[in-house]
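Trainee: Got a structure for you, written out below as structure tokens; questions coming shortly.
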Amino acid sequence: MSFHKKEKYPYVVDSVSLGALSSSSPSSWTASFFRNSAIDGLPKIADRSKPLGLRVMWAFVCLGALVVTVVQLATLIRRYFDYPVNVHIDYNFSKTLDFPSVTICNLNSVRNSMIRNTRFELLENDGPTLATFTGFVRESSDDGGSGKLNSSSSSEGSADDVVDFEDDQGNVDAADRLGPQYLDIYEKFLLALDTVFSAKYVSEKAITNNLKYLHPTFEEYRLLGHQLDDFLLECTWKGQPCNRSHFVTFQNHKYGNCFTFNSGRDSQHKKLPILRTSRPGAEYGLQLSLYLEQEEYIGTVSSKAGVRLLVHSQQSVPFPEEEGVDVAPGFASSVGVKLVEVIRLQHPWGNCSSGNGLTSIYDDLHGPMEYSAVVCYKSCLAKAVKERCGCTAYEFPLNGRVCESKAVNETEGQCVDDVYEMYRLEKFSCNCPQACVDRMYSTTVSASTWPSVNHEAIFRERMERLNKSITKKSGTAFECAPLALFEATFLFVAYRNNFARISVYYEELNYQRIAQTKAYESSQLLSDIGGQMGLWLGLSIVSLSELLEFIALAIANLTKREKREETTATTPAGII
């Protein structure tokens with residue numbers, strides 16, 4: 001058996017001569033490798049013809065280069081596993097764009113004329129209930145009394161317990177008609193009103209948050225709220241008439257009935273074609289004329305008059321109470337829209353979610369929608385209330401019994417309040433990252449007085465032709481020939497404040513795209529590693545492979561030598 005002689009790499013042997021090589025010392029392998037290595041610097045260290053000082057200097061140079069290389073490689077690897085991102089903002093142009101969904105709600109949630117003989121009757125504007133009960137509460141407070149409502153029967157709470165109040169004409173009060181189960185609600189409601197009336201500084205929420213005592217259901221909102229047939233007087237899309245078939249209705253806990261144009265679905269959640277536009281400007285958008293029915297407003301429910309407007313994607317759940325804007329009556333409001341697309345990276349570069357595996361409590365109300373962080377948080381809160389309190393909070397569209405207010409059920413109401421407080425303080429976890437893809441619409445709102453004074457006659461005739469009930473409800477405002485000019489003007493303004501004109505359109509067909517991209521790809525990491533190793537050590541893939549080959553052969557030779565020594569040690573003397 002013989003070695004395969006290799007002039008450049010004498011330490012490389014085949015399997016036949018491996019045993020012979022293993023008989024040599026490791027120092028000889030290393031010296032042979034250093035003398036013939038393609039790695040810069042190693043041959044200079046092993047060259048015995050050079051002075052010792054020069055060889056030591058080259059050893060320090062190589063060692064220093066190795067240290068710097070290790071530090072640089074550690075920095076590169078750490079940077080890669082930090083998963084940095086870049087944010088790119090692009091402006092793109094499209095010949096046609098999907099027109100967004102437009103949701104409108106009346107700022108008043110329930111109609112005054114519809115709550116008579118219902119459990120909401122205490123909220124009436126003109127009934128004897130509010131004045132009588134409020135006056136009673138104030139008198140009780142002024143006299144140092146407890147403010148409790150007096151009942152005509154014993155405190156046992158029999159079925160005949162009613163409040164013994166009648167007005168001057170002998171009309172029975174609402175509490176008598178509706179029964180004793182609402183006495184505590186009325187009492188706490190009116191005491192709250194008395195506190196509001198006597199306070200020097202008070203928020204609008206404190207004045208109008210009175211439905212919390214009654215917890216209306218979505219079905220009650222559907223029946224008692226403003227209806228699209230009355231609300232919508234006129235609708236045009238790109239100059240062509242549209243009608244109620246272009247709208248779907250849903251219920252919101254703050255605004256009652258809301259109506260969405262171009263939702264991409266019908267009332268049964270079946271998909272419909274989405275309207276598209278190819279031109280910017282109001283003539284190529286949506287125009288609405290709306291009748292607010294201010295005579296139906298309830299003062300203890302809404303202190304403002306107008307329309308809540310929200311522009312959103314067809315795939316997003318509308319939340320007008322959080323994302324919308326108010327549009328005032330008596331004005332023609334122009335709402336210019338710009339599309340913004342946001343694209344985020346998933347883990348580990350970002351913390352977005354596509355919503356896979358997450359369920360939404362709004363699927364039954366709106367149909368399946370894309371994931372959003374707001375939907376996730378609200379679903380988390382709703383499920384926490386249901387699990388901890390055994391009922392459904394009235395503002396969420398979940399099936400099951402609606403939680404009663406504290407005025408009716410102290411324990412249950414307090415449980416709901418505790419869950420909301422824990423949610424506010426972030427004491428229970430809701431894993432709700434941002435959506436990976438968001439289509440949002442920025443809006444610019446401007447307004448002008450509508451109608452103008454000289455357009456009043458045309459406006460009145462057209463509005464009353466669109467809705468005959470307007471004549472009965474508001475027509476008296478124009479029977480003012482005998483009135484002074486000031487009075488006539490005042491009545492006209494009051495009439496005009498029942499109407500709003502809204503135009504929604506694209507300001508331009510350019511849209512903005514904000515996208516996260518990986519700032520440091522794996523290919524760039526490999527390139528940087530190769531650059532650092534080549535700069536400091538002169539290593540390439542070929543020379544690195546040579547080093548790995550040497551290490552593998554050295555390990556194999558040492559292993560073979562150890563086995564041979566063990567065999568020699570266990571062989572009895574005289575056998576060899």
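Simple scheme: letters A, B, ... for chains in structure tokens order, numbers from 1 for residues in each chain, numbers from 1 for ligands in the order shown.
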Leaving out segment 393-400 of chain A and any residue of its chain fewer than 6 positions from it, which residues lie within 8 Å of it when counting only C-alpha atoms, given as an MDAnalysis selection string?
Mentor: chainID A and resid 215:218 252:254 361:362 364:365 382 385:386 416
Trainee: Let me see the file: selected residues, N, CA and C atoms, as an mmCIF file, in the first residue's frame.
Mentor:
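File again_17.cif, as written:
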```cif
data_model
loop_
_atom_site.group_PDB
_atom_site.id
_atom_site.type_symbol
_atom_site.label_atom_id
_atom_site.label_comp_id
_atom_site.auth_asym_id
_atom_site.auth_seq_id
_atom_site.Cartn_x
_atom_site.Cartn_y
_atom_site.Cartn_z
ATOM 1 N N HIS A 215 -80.832 49.809 28.952
ATOM 2 C CA HIS A 215 -80.176 48.752 28.172
ATOM 3 C C HIS A 215 -81.036 48.265 27.006
ATOM 4 N N PRO A 216 -81.285 49.112 26.007
ATOM 5 C CA PRO A 216 -82.099 48.677 24.867
ATOM 6 C C PRO A 216 -81.414 47.577 24.069
ATOM 7 N N THR A 217 -82.189 46.679 23.535
ATOM 8 C CA THR A 217 -81.653 45.613 22.692
ATOM 9 C C THR A 217 -81.562 46.116 21.248
ATOM 10 N N PHE A 218 -80.833 45.376 20.409
ATOM 11 C CA PHE A 218 -80.724 45.765 19.009
ATOM 12 C C PHE A 218 -82.086 45.669 18.316
ATOM 13 N N ASN A 252 -76.594 50.091 15.971
ATOM 14 C CA ASN A 252 -75.449 50.518 16.764
ATOM 15 C C ASN A 252 -75.928 50.937 18.141
ATOM 16 N N HIS A 253 -75.183 50.568 19.183
ATOM 17 C CA HIS A 253 -75.655 50.804 20.551
ATOM 18 C C HIS A 253 -75.758 52.280 20.902
ATOM 19 N N LYS A 254 -75.085 53.157 20.157
ATOM 20 C CA LYS A 254 -75.142 54.589 20.459
ATOM 21 C C LYS A 254 -76.091 55.333 19.543
ATOM 22 N N ILE A 361 -67.585 38.728 16.917
ATOM 23 C CA ILE A 361 -68.967 38.771 17.383
ATOM 24 C C ILE A 361 -69.851 39.524 16.405
ATOM 25 N N TYR A 362 -69.258 40.133 15.367
ATOM 26 C CA TYR A 362 -70.030 40.939 14.429
ATOM 27 C C TYR A 362 -70.361 40.195 13.139
ATOM 28 N N ASP A 364 -72.570 37.840 12.567
ATOM 29 C CA ASP A 364 -74.014 37.707 12.356
ATOM 30 C C ASP A 364 -74.651 39.035 11.970
ATOM 31 N N LEU A 365 -74.063 40.136 12.439
ATOM 32 C CA LEU A 365 -74.645 41.458 12.175
ATOM 33 C C LEU A 365 -74.258 41.969 10.800
ATOM 34 N N ALA A 382 -66.524 41.508 24.947
ATOM 35 C CA ALA A 382 -67.867 40.926 24.984
ATOM 36 C C ALA A 382 -67.843 39.509 25.543
ATOM 37 N N VAL A 385 -67.319 39.545 29.345
ATOM 38 C CA VAL A 385 -68.559 39.856 30.074
ATOM 39 C C VAL A 385 -69.455 38.634 30.138
ATOM 40 N N LYS A 386 -69.593 37.943 29.012
ATOM 41 C CA LYS A 386 -70.487 36.785 28.970
ATOM 42 C C LYS A 386 -69.978 35.665 29.859
ATOM 43 N N VAL A 416 -70.697 43.679 35.334
ATOM 44 C CA VAL A 416 -70.354 44.260 34.031
ATOM 45 C C VAL A 416 -69.412 45.444 34.210
#
```
Trainee: So what do you get for atom CA of His269 of chain A versus atom CA of Thr103 of chain A, distance-wise?
Mentor: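 Taking atom CA of His269 of chain A as the start and atom CA of Thr103 of chain A as the end point, the length is 16.1 Å.
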Trainee: With only C-alpha atoms as the atoms that count, which of A:Pro100, A:Gly64, A:Gly413, A:Pro273 lies nearest to Cys389 of chain A?
Mentor: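 Going through A:Pro100, A:Gly64, A:Gly413, A:Pro273 one by one, the smallest distance to Cys389 of chain A is for A:Gly413.
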Trainee: Step one, run DSSP on the backbone; step two, keep only residues of segment 197-433 of chain A assigned to helix (DSSP H, G or I); then write them as an MDAnalysis selection string.
Mentor: chainID A and resid 197:198 204:208 210:213 218:224 228:231 244:246 282:284 294:296 320:323 363:366 373:389 410:424
Trainee: Would you export the selected residues with C-alpha atoms as a PDB file, in the first residue's frame, please?
Mentor:
```pdb
ATOM      1  CA  PHE A 197     -79.029  69.808  36.386  1.00  0.00           C
ATOM      2  CA  SER A 198     -77.402  71.033  39.592  1.00  0.00           C
ATOM      3  CA  GLU A 204     -72.242  65.762  27.400  1.00  0.00           C
ATOM      4  CA  LYS A 205     -71.971  62.045  28.162  1.00  0.00           C
ATOM      5  CA  ALA A 206     -73.425  62.636  31.632  1.00  0.00           C
ATOM      6  CA  ILE A 207     -76.381  64.482  30.116  1.00  0.00           C
ATOM      7  CA  THR A 208     -77.232  62.050  27.321  1.00  0.00           C
ATOM      8  CA  ASN A 210     -79.439  57.847  30.032  1.00  0.00           C
ATOM      9  CA  LEU A 211     -80.146  54.784  27.921  1.00  0.00           C
ATOM     10  CA  LYS A 212     -77.640  52.945  30.111  1.00  0.00           C
ATOM     11  CA  TYR A 213     -80.411  52.644  32.709  1.00  0.00           C
ATOM     12  CA  PHE A 218     -80.724  45.765  19.009  1.00  0.00           C
ATOM     13  CA  GLU A 219     -84.263  44.636  18.143  1.00  0.00           C
ATOM     14  CA  GLU A 220     -85.707  47.553  20.140  1.00  0.00           C
ATOM     15  CA  TYR A 221     -83.384  49.924  18.308  1.00  0.00           C
ATOM     16  CA  ARG A 222     -84.570  48.472  15.006  1.00  0.00           C
ATOM     17  CA  LEU A 223     -88.214  49.185  15.841  1.00  0.00           C
ATOM     18  CA  LEU A 224     -87.887  52.462  17.747  1.00  0.00           C
ATOM     19  CA  LEU A 228     -84.413  54.769   6.167  1.00  0.00           C
ATOM     20  CA  ASP A 229     -87.662  55.615   4.329  1.00  0.00           C
ATOM     21  CA  ASP A 230     -87.993  58.771   6.434  1.00  0.00           C
ATOM     22  CA  PHE A 231     -84.292  59.540   6.800  1.00  0.00           C
ATOM     23  CA  ARG A 244     -82.966  52.119  -0.472  1.00  0.00           C
ATOM     24  CA  SER A 245     -81.896  48.903  -2.224  1.00  0.00           C
ATOM     25  CA  HIS A 246     -78.354  50.313  -2.258  1.00  0.00           C
ATOM     26  CA  ALA A 282     -68.483  65.365  -6.487  1.00  0.00           C
ATOM     27  CA  GLU A 283     -70.242  64.672  -9.792  1.00  0.00           C
ATOM     28  CA  TYR A 284     -68.781  61.160  -9.812  1.00  0.00           C
ATOM     29  CA  GLN A 294     -85.705  66.818  14.899  1.00  0.00           C
ATOM     30  CA  GLU A 295     -89.248  66.805  16.258  1.00  0.00           C
ATOM     31  CA  GLU A 296     -88.564  63.143  17.093  1.00  0.00           C
ATOM     32  CA  PRO A 320     -69.371  55.180  13.761  1.00  0.00           C
ATOM     33  CA  GLU A 321     -69.085  55.957  17.474  1.00  0.00           C
ATOM     34  CA  GLU A 322     -65.287  55.713  17.267  1.00  0.00           C
ATOM     35  CA  GLU A 323     -64.272  56.435  13.690  1.00  0.00           C
ATOM     36  CA  ASP A 363     -70.268  38.170  11.814  1.00  0.00           C
ATOM     37  CA  ASP A 364     -74.014  37.707  12.356  1.00  0.00           C
ATOM     38  CA  LEU A 365     -74.645  41.458  12.175  1.00  0.00           C
ATOM     39  CA  HIS A 366     -72.502  42.332   9.140  1.00  0.00           C
ATOM     40  CA  ALA A 373     -57.747  45.128  15.971  1.00  0.00           C
ATOM     41  CA  VAL A 374     -60.910  47.028  17.006  1.00  0.00           C
ATOM     42  CA  VAL A 375     -63.137  44.029  16.247  1.00  0.00           C
ATOM     43  CA  CYS A 376     -60.730  41.779  18.145  1.00  0.00           C
ATOM     44  CA  TYR A 377     -60.726  43.989  21.260  1.00  0.00           C
ATOM     45  CA  LYS A 378     -64.504  44.353  21.279  1.00  0.00           C
ATOM     46  CA  SER A 379     -64.980  40.609  20.780  1.00  0.00           C
ATOM     47  CA  CYS A 380     -62.559  39.953  23.642  1.00  0.00           C
ATOM     48  CA  LEU A 381     -64.455  42.324  25.951  1.00  0.00           C
ATOM     49  CA  ALA A 382     -67.867  40.926  24.984  1.00  0.00           C
ATOM     50  CA  LYS A 383     -66.766  37.362  25.609  1.00  0.00           C
ATOM     51  CA  ALA A 384     -65.243  38.323  28.962  1.00  0.00           C
ATOM     52  CA  VAL A 385     -68.559  39.856  30.074  1.00  0.00           C
ATOM     53  CA  LYS A 386     -70.487  36.785  28.970  1.00  0.00           C
ATOM     54  CA  GLU A 387     -68.100  34.372  30.692  1.00  0.00           C
ATOM     55  CA  ARG A 388     -67.836  36.267  33.985  1.00  0.00           C
ATOM     56  CA  CYS A 389     -71.359  37.649  34.301  1.00  0.00           C
ATOM     57  CA  GLU A 410     -77.200  45.415  41.371  1.00  0.00           C
ATOM     58  CA  THR A 411     -75.044  42.281  41.270  1.00  0.00           C
ATOM     59  CA  GLU A 412     -75.159  41.802  37.517  1.00  0.00           C
ATOM     60  CA  GLY A 413     -74.696  45.481  36.758  1.00  0.00           C
ATOM     61  CA  GLN A 414     -71.704  45.664  39.087  1.00  0.00           C
ATOM     62  CA  CYS A 415     -70.189  42.581  37.451  1.00  0.00           C
ATOM     63  CA  VAL A 416     -70.354  44.260  34.031  1.00  0.00           C
ATOM     64  CA  ASP A 417     -68.832  47.457  35.439  1.00  0.00           C
ATOM     65  CA  ASP A 418     -65.991  45.453  37.008  1.00  0.00           C
ATOM     66  CA  VAL A 419     -65.181  43.729  33.713  1.00  0.00           C
ATOM     67  CA  TYR A 420     -65.108  47.068  31.903  1.00  0.00           C
ATOM     68  CA  GLU A 421     -62.817  48.492  34.569  1.00  0.00           C
ATOM     69  CA  MET A 422     -60.460  45.520  34.267  1.00  0.00           C
ATOM     70  CA  TYR A 423     -60.469  45.986  30.508  1.00  0.00           C
ATOM     71  CA  ARG A 424     -59.701  49.693  30.873  1.00  0.00           C
TER      72      ARG A 424
END
```
Trainee: So what do you get for atom CA of Ser113 of chain A versus atom CA of Val402 of chain A, distance-wise?
Mentor: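 Spanning atom CA of Ser113 of chain A to atom CA of Val402 of chain A is a straight-line distance of 24.7 Å.
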Trainee: Do you know which residues are at most 8 Å from segment 458-466 of chain A counting only C-alpha atoms, after dropping those on the same chain fewer than 6 positions away, and could you put them as an mmCIF file with N, CA and C atoms, in the first residue's frame?
Mentor:
```cif
data_model
loop_
_atom_site.group_PDB
_atom_site.id
_atom_site.type_symbol
_atom_site.label_atom_id
_atom_site.label_comp_id
_atom_site.auth_asym_id
_atom_site.auth_seq_id
_atom_site.Cartn_x
_atom_site.Cartn_y
_atom_site.Cartn_z
ATOM 1 N N LEU A 233 -84.106 61.179 1.809
ATOM 2 C CA LEU A 233 -85.001 61.874 0.892
ATOM 3 C C LEU A 233 -84.563 61.723 -0.553
ATOM 4 N N GLU A 234 -83.272 61.819 -0.788
ATOM 5 C CA GLU A 234 -82.759 61.833 -2.144
ATOM 6 C C GLU A 234 -81.381 61.191 -2.170
ATOM 7 N N PRO A 451 -80.325 75.170 2.432
ATOM 8 C CA PRO A 451 -80.298 75.893 1.145
ATOM 9 C C PRO A 451 -80.061 77.382 1.357
#
```
Trainee: Taking only C-alpha atoms into account, name the residue in A:Leu76, A:Met369, A:Val102, A:Ala332 that is nearest to Arg308 of chain A.
Mentor: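 The closest residue to Arg308 of chain A is A:Val102.
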Trainee: Write out as a ChimeraX atom specification each polymer residue whose atoms come within 10 Å of segment 335-338 of chain A, counting only C-alpha atoms; drop sequence neighbours fewer than 6 positions from it.
Mentor: /A:99-100,280-282,285-286,309,311,327,440-447,502-512
Trainee: Can you list every residue in segment 283-338 of chain A that DSSP puts in strand (DSSP E), as a list of chain:residue names?
Mentor: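 DSSP-assigned strand (DSSP E) residues in segment 283-338 of chain A: A:Leu286, A:Gln287, A:Leu288, A:Ser289, A:Leu290, A:Tyr291, A:Val307, A:Arg308, A:Leu309, A:Leu310, A:Val311, A:His312, A:Val325, A:Asp326, A:Val327, A:Phe331, A:Ala332, A:Ser333, A:Ser334, A:Val335, A:Gly336, A:Val337, A:Lys338.
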Trainee: If you measure from atom CA of Asn557 of chain A to atom CA of Arg55 of chain A, what distance in Å do you get, rounded to one decimal?
Mentor: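 Between atom CA of Asn557 of chain A and atom CA of Arg55 of chain A the gap works out to 27.8 Å.
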Trainee: Select, from A:Trp58, A:Trp237, A:Phe550, A:Tyr91, the residue with the minimum atom-to-atom distance to Ala515 of chain A, counting only C-alpha atoms.
Mentor: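 Answer, going by the shortest atom-to-atom distance: A:Tyr91.
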